[in-house]
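In what follows, a structure is listed as structure tokens, so that the remarks can point back to it.
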Amino acid sequence: MDYKITNKTVPTFYFIGVTTGKSSINKVFPLWMDVLGKPEVVLEGIDHAIHDEQENYRKSVAQIKFDPLSLGALVTTHKMDVYSAAKDMFEYFDLYARTTAELSCISKTNGELRGHAKDPITAGLSLEAIIEPGYFGATGGHILCLGAGGSAVATLLYLINKEHPADRPEKFIAVNRSPGKLDHMREMVAKFETDIEVQYVHNSDPQKNDELMAILPDHSIVINATGMGKDTPGSPVTDNGIFPQNGIAWEFNYRGELDFMHQALAQVNARNLQVEDGWVYFLHGWSQVIAEVLQINLTPELFNKLDEAASGVRG
């Protein structure tokens, strides 16, 4: 099929999502381009409906593939859908993209369209900023992950690949309202030998999630890996849900109503709860993709400069 391509007049980096205009990256991106010495690169959002028509995803990929000044993209929400719809349009996928059958980064090198799944790296860097090495061995905490999409799969893949047993939880419970993503996660896990007990729960009832949360051991981590509180209203748990004592509530979102995070904040004192939002995930996610697309060596020192530049937007 012949796709109608917009020939850009300036180097353009795309953001493929749902509500891209609301993201803080619109303010952060030009600041980062100044830090990287590439002020000529501009950001353009492409909004797709959740589980959009395959042809719409292919049109977005074609824009990047065939326009010389369309440099690449960060993909959020649609990671599995873009991979499924357009995988034949790519010349290369990295190991994580092939393993997870999804992509969060589209880049081009020497005329090749390349797909990457950066989330396992992002999830790992973000989790390492929250917990100490050996956390699970020292505490016996489990993980309850509400949502089984790309960020959830990436977090589990990161944990599976941790070398030391103390860095892996004994149990990882994945909950999702649709069975397809749970099946996708199950297929991914089957590719590995792991001592993590992975439990797959098909559920859309927040009260059932409350019950799962109530029986977690102390020091467990509860993750909101759904779009609830950002792309869709509400929270995957109710206001009556009890977070684990001495545990961690990790909200993967950093903007929106953030109902889950506020529910956790209300229990900080009573449950000695550590509450984290998705800002660090946001920083690592974007910086990893930008570095890949613009072929930049993202050193810890450079990341710190990007973090500092973004801090004013964070407030």
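Order determines the names: the first chain of the structure tokens is A, the second B, and so forth; residues in each chain are numbered 1 upward, and ligands are numbered 1 upward as they are shown.
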**Message:** Need to verify the contact set: Ile16 (chain A), 9 Å, only C-alpha atoms, exclusion of same-chain residues closer than 2 positions in sequence. Can you return it as number ranges by chain?
**Reply:** A: 14, 18, 20, 44-48, 60, 73-78
**Message:** I need the alpha helix (DSSP H) residues of region 65-155 of chain A per DSSP on the backbone, written as number ranges by chain.
**Reply:** A: 65-66, 79-86, 95-100, 119-128, 135-139, 150-155
For N, CA and C atoms, I'd like the residues from the last selection saved as an mmCIF file, in the first residue's frame.
```cif
data_model
loop_
_atom_site.group_PDB
_atom_site.id
_atom_site.type_symbol
_atom_site.label_atom_id
_atom_site.label_comp_id
_atom_site.auth_asym_id
_atom_site.auth_seq_id
_atom_site.Cartn_x
_atom_site.Cartn_y
_atom_site.Cartn_z
ATOM 1 N N LYS A 65 9.377 5.685 8.646
ATOM 2 C CA LYS A 65 10.212 4.860 7.773
ATOM 3 C C LYS A 65 10.623 5.588 6.491
ATOM 4 N N PHE A 66 9.698 6.328 5.892
ATOM 5 C CA PHE A 66 9.932 6.845 4.543
ATOM 6 C C PHE A 66 10.299 8.325 4.471
ATOM 7 N N LYS A 79 2.358 -0.343 22.611
ATOM 8 C CA LYS A 79 3.597 -1.063 22.315
ATOM 9 C C LYS A 79 3.376 -2.411 21.640
ATOM 10 N N MET A 80 2.453 -3.188 22.152
ATOM 11 C CA MET A 80 2.166 -4.482 21.556
ATOM 12 C C MET A 80 1.398 -4.334 20.250
ATOM 13 N N ASP A 81 0.506 -3.342 20.204
ATOM 14 C CA ASP A 81 -0.315 -3.143 19.008
ATOM 15 C C ASP A 81 0.532 -2.693 17.823
ATOM 16 N N VAL A 82 1.479 -1.778 18.057
ATOM 17 C CA VAL A 82 2.338 -1.319 16.972
ATOM 18 C C VAL A 82 3.198 -2.470 16.452
ATOM 19 N N TYR A 83 3.745 -3.254 17.365
ATOM 20 C CA TYR A 83 4.551 -4.413 16.949
ATOM 21 C C TYR A 83 3.721 -5.367 16.100
ATOM 22 N N SER A 84 2.541 -5.684 16.572
ATOM 23 C CA SER A 84 1.684 -6.641 15.860
ATOM 24 C C SER A 84 1.262 -6.124 14.493
ATOM 25 N N ALA A 85 0.933 -4.830 14.436
ATOM 26 C CA ALA A 85 0.398 -4.272 13.200
ATOM 27 C C ALA A 85 1.466 -4.032 12.138
ATOM 28 N N ALA A 86 2.693 -3.727 12.564
ATOM 29 C CA ALA A 86 3.685 -3.219 11.610
ATOM 30 C C ALA A 86 5.012 -3.956 11.642
ATOM 31 N N LEU A 95 16.679 -7.778 21.038
ATOM 32 C CA LEU A 95 16.320 -9.016 21.727
ATOM 33 C C LEU A 95 15.067 -8.837 22.577
ATOM 34 N N TYR A 96 14.984 -7.720 23.296
ATOM 35 C CA TYR A 96 13.816 -7.502 24.152
ATOM 36 C C TYR A 96 12.545 -7.360 23.326
ATOM 37 N N ALA A 97 12.621 -6.697 22.174
ATOM 38 C CA ALA A 97 11.443 -6.564 21.315
ATOM 39 C C ALA A 97 10.993 -7.935 20.811
ATOM 40 N N ARG A 98 11.944 -8.761 20.420
ATOM 41 C CA ARG A 98 11.589 -10.110 19.950
ATOM 42 C C ARG A 98 11.043 -10.961 21.088
ATOM 43 N N THR A 99 11.602 -10.793 22.275
ATOM 44 C CA THR A 99 11.181 -11.595 23.421
ATOM 45 C C THR A 99 9.781 -11.220 23.890
ATOM 46 N N THR A 100 9.494 -9.918 23.912
ATOM 47 C CA THR A 100 8.219 -9.438 24.454
ATOM 48 C C THR A 100 7.158 -9.202 23.384
ATOM 49 N N ASP A 119 11.704 -0.872 27.687
ATOM 50 C CA ASP A 119 11.083 -0.894 29.008
ATOM 51 C C ASP A 119 11.790 -1.785 30.023
ATOM 52 N N PRO A 120 12.327 -2.954 29.647
ATOM 53 C CA PRO A 120 13.049 -3.728 30.669
ATOM 54 C C PRO A 120 14.222 -2.958 31.264
ATOM 55 N N ILE A 121 14.903 -2.159 30.440
ATOM 56 C CA ILE A 121 15.992 -1.320 30.951
ATOM 57 C C ILE A 121 15.422 -0.219 31.839
ATOM 58 N N THR A 122 14.366 0.434 31.351
ATOM 59 C CA THR A 122 13.732 1.517 32.103
ATOM 60 C C THR A 122 13.199 1.023 33.439
ATOM 61 N N ALA A 123 12.497 -0.113 33.410
ATOM 62 C CA ALA A 123 11.930 -0.673 34.642
ATOM 63 C C ALA A 123 13.028 -0.999 35.646
ATOM 64 N N GLY A 124 14.126 -1.555 35.143
ATOM 65 C CA GLY A 124 15.221 -1.900 36.033
ATOM 66 C C GLY A 124 15.863 -0.682 36.675
ATOM 67 N N LEU A 125 16.162 0.332 35.872
ATOM 68 C CA LEU A 125 16.762 1.545 36.415
ATOM 69 C C LEU A 125 15.830 2.216 37.425
ATOM 70 N N SER A 126 14.524 2.192 37.130
ATOM 71 C CA SER A 126 13.549 2.829 38.020
ATOM 72 C C SER A 126 13.408 2.058 39.326
ATOM 73 N N LEU A 127 13.352 0.723 39.242
ATOM 74 C CA LEU A 127 13.219 -0.086 40.449
ATOM 75 C C LEU A 127 14.464 0.029 41.312
ATOM 76 N N GLU A 128 15.621 0.084 40.673
ATOM 77 C CA GLU A 128 16.875 0.216 41.430
ATOM 78 C C GLU A 128 16.952 1.548 42.172
ATOM 79 N N TYR A 135 16.806 -6.683 48.108
ATOM 80 C CA TYR A 135 15.576 -6.303 48.822
ATOM 81 C C TYR A 135 14.669 -7.500 49.081
ATOM 82 N N PHE A 136 14.437 -8.321 48.068
ATOM 83 C CA PHE A 136 13.456 -9.397 48.216
ATOM 84 C C PHE A 136 13.973 -10.507 49.117
ATOM 85 N N GLY A 137 15.270 -10.772 49.048
ATOM 86 C CA GLY A 137 15.841 -11.769 49.947
ATOM 87 C C GLY A 137 15.803 -11.318 51.394
ATOM 88 N N ALA A 138 16.012 -10.032 51.612
ATOM 89 C CA ALA A 138 16.044 -9.497 52.974
ATOM 90 C C ALA A 138 14.655 -9.354 53.579
ATOM 91 N N THR A 139 13.653 -9.100 52.748
ATOM 92 C CA THR A 139 12.315 -8.785 53.274
ATOM 93 C C THR A 139 11.277 -9.874 53.058
ATOM 94 N N GLY A 150 2.744 -3.480 28.664
ATOM 95 C CA GLY A 150 4.164 -3.422 28.370
ATOM 96 C C GLY A 150 5.054 -3.150 29.559
ATOM 97 N N SER A 151 4.683 -2.196 30.414
ATOM 98 C CA SER A 151 5.530 -1.868 31.561
ATOM 99 C C SER A 151 5.544 -2.999 32.579
ATOM 100 N N ALA A 152 4.425 -3.707 32.716
ATOM 101 C CA ALA A 152 4.361 -4.850 33.629
ATOM 102 C C ALA A 152 5.232 -6.001 33.123
ATOM 103 N N VAL A 153 5.108 -6.309 31.838
ATOM 104 C CA VAL A 153 5.930 -7.356 31.228
ATOM 105 C C VAL A 153 7.409 -7.011 31.369
ATOM 106 N N ALA A 154 7.743 -5.745 31.157
ATOM 107 C CA ALA A 154 9.129 -5.315 31.244
ATOM 108 C C ALA A 154 9.679 -5.471 32.661
ATOM 109 N N THR A 155 8.874 -5.115 33.655
ATOM 110 C CA THR A 155 9.308 -5.243 35.043
ATOM 111 C C THR A 155 9.563 -6.698 35.394
#
```
**Prompt:** If we count only C-alpha atoms, what is near Ser178 (chain A) at a cut-off of 8 Å, once residues fewer than 4 positions away on the same chain are taken out, given as a VMD selection string?
**Reply:** chain A and resid 182 202 to 204
**Request:** Going by DSSP on the backbone, which bits of region 64-194 of chain A are strand (DSSP E or B)? Write them as a list in words, please.
**Result:**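 Residues meeting the strand (DSSP E or B) criterion: Ser70, Leu71, Gly72, Ala73, Leu74, Val75, Tyr92, Phe93, Cys105, Ile106, Ser107, Lys108, Thr109, Glu112, Leu113, Arg114, Gly115, His116, Ile143, Leu144, Cys145, Leu146, Lys171, Phe172, Ile173, Ala174, Val175 and Asn176 of chain A.
Proximity ranking of A:Gly72, A:Gly21, A:Gly241, A:Pro133 relative to Val289 (chain A) places A:Gly72 first, based on only C-alpha atoms.
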**Asked** Which is closest to Ile143 (chain A) among A:Ile221, A:Cys105, A:Ile248, A:Met33, if we use only C-alpha atoms?
**Response** A:Ile221
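Of the listed residues A:Leu71, A:Leu144, A:Leu212, A:Ile130, the one whose atoms come nearest to Gly111 (chain A) is A:Leu71, with distances taken using only C-alpha atoms.
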**Message:** I'd like the neighbourhood of Gln263 (chain A) as number ranges by chain, where a residue qualifies if any of its atoms comes within 9 Å (using only C-alpha atoms), though same-chain residues fewer than 2 positions away should be ignored.
**Reply:** A: 235, 237-241, 258-261, 265-267
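When only C-alpha atoms are used to measure the gap to Gln274 (chain A), the shortest distance among A:Val189, A:Leu103, A:Val222, A:Leu43 belongs to A:Val222.
The interatomic distance for the pair CA of Ile5 (chain A) and CA of Gln63 (chain A) works out to 5.4 Å.
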**Complete:** Between A:His262, A:Gly227, A:Pro30, A:Pro236, smallest distance to Gln207 (chain A) by only C-alpha atoms belongs to A:Pro236
**Message:** From the options A:Ile223, A:Asp167, A:Phe303, A:Phe93, which residue's atoms come nearest to Val275 (chain A), counting only C-alpha atoms?
**Reply:**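 For Val275 (chain A), the nearest of the candidates is A:Ile223.
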**Message:** Just the number, please: distance in Å from CA of Ile64 (chain A) to CA of Leu298 (chain A), one decimal.
**Reply:**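 Going from CA of Ile64 (chain A) over to CA of Leu298 (chain A) covers 22.9 Å.
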**Prompt:** Quick one: distance from CA of Asp210 (chain A) to CA of Pro179 (chain A) in Å, one decimal?
**Reply:** 19.5 Å
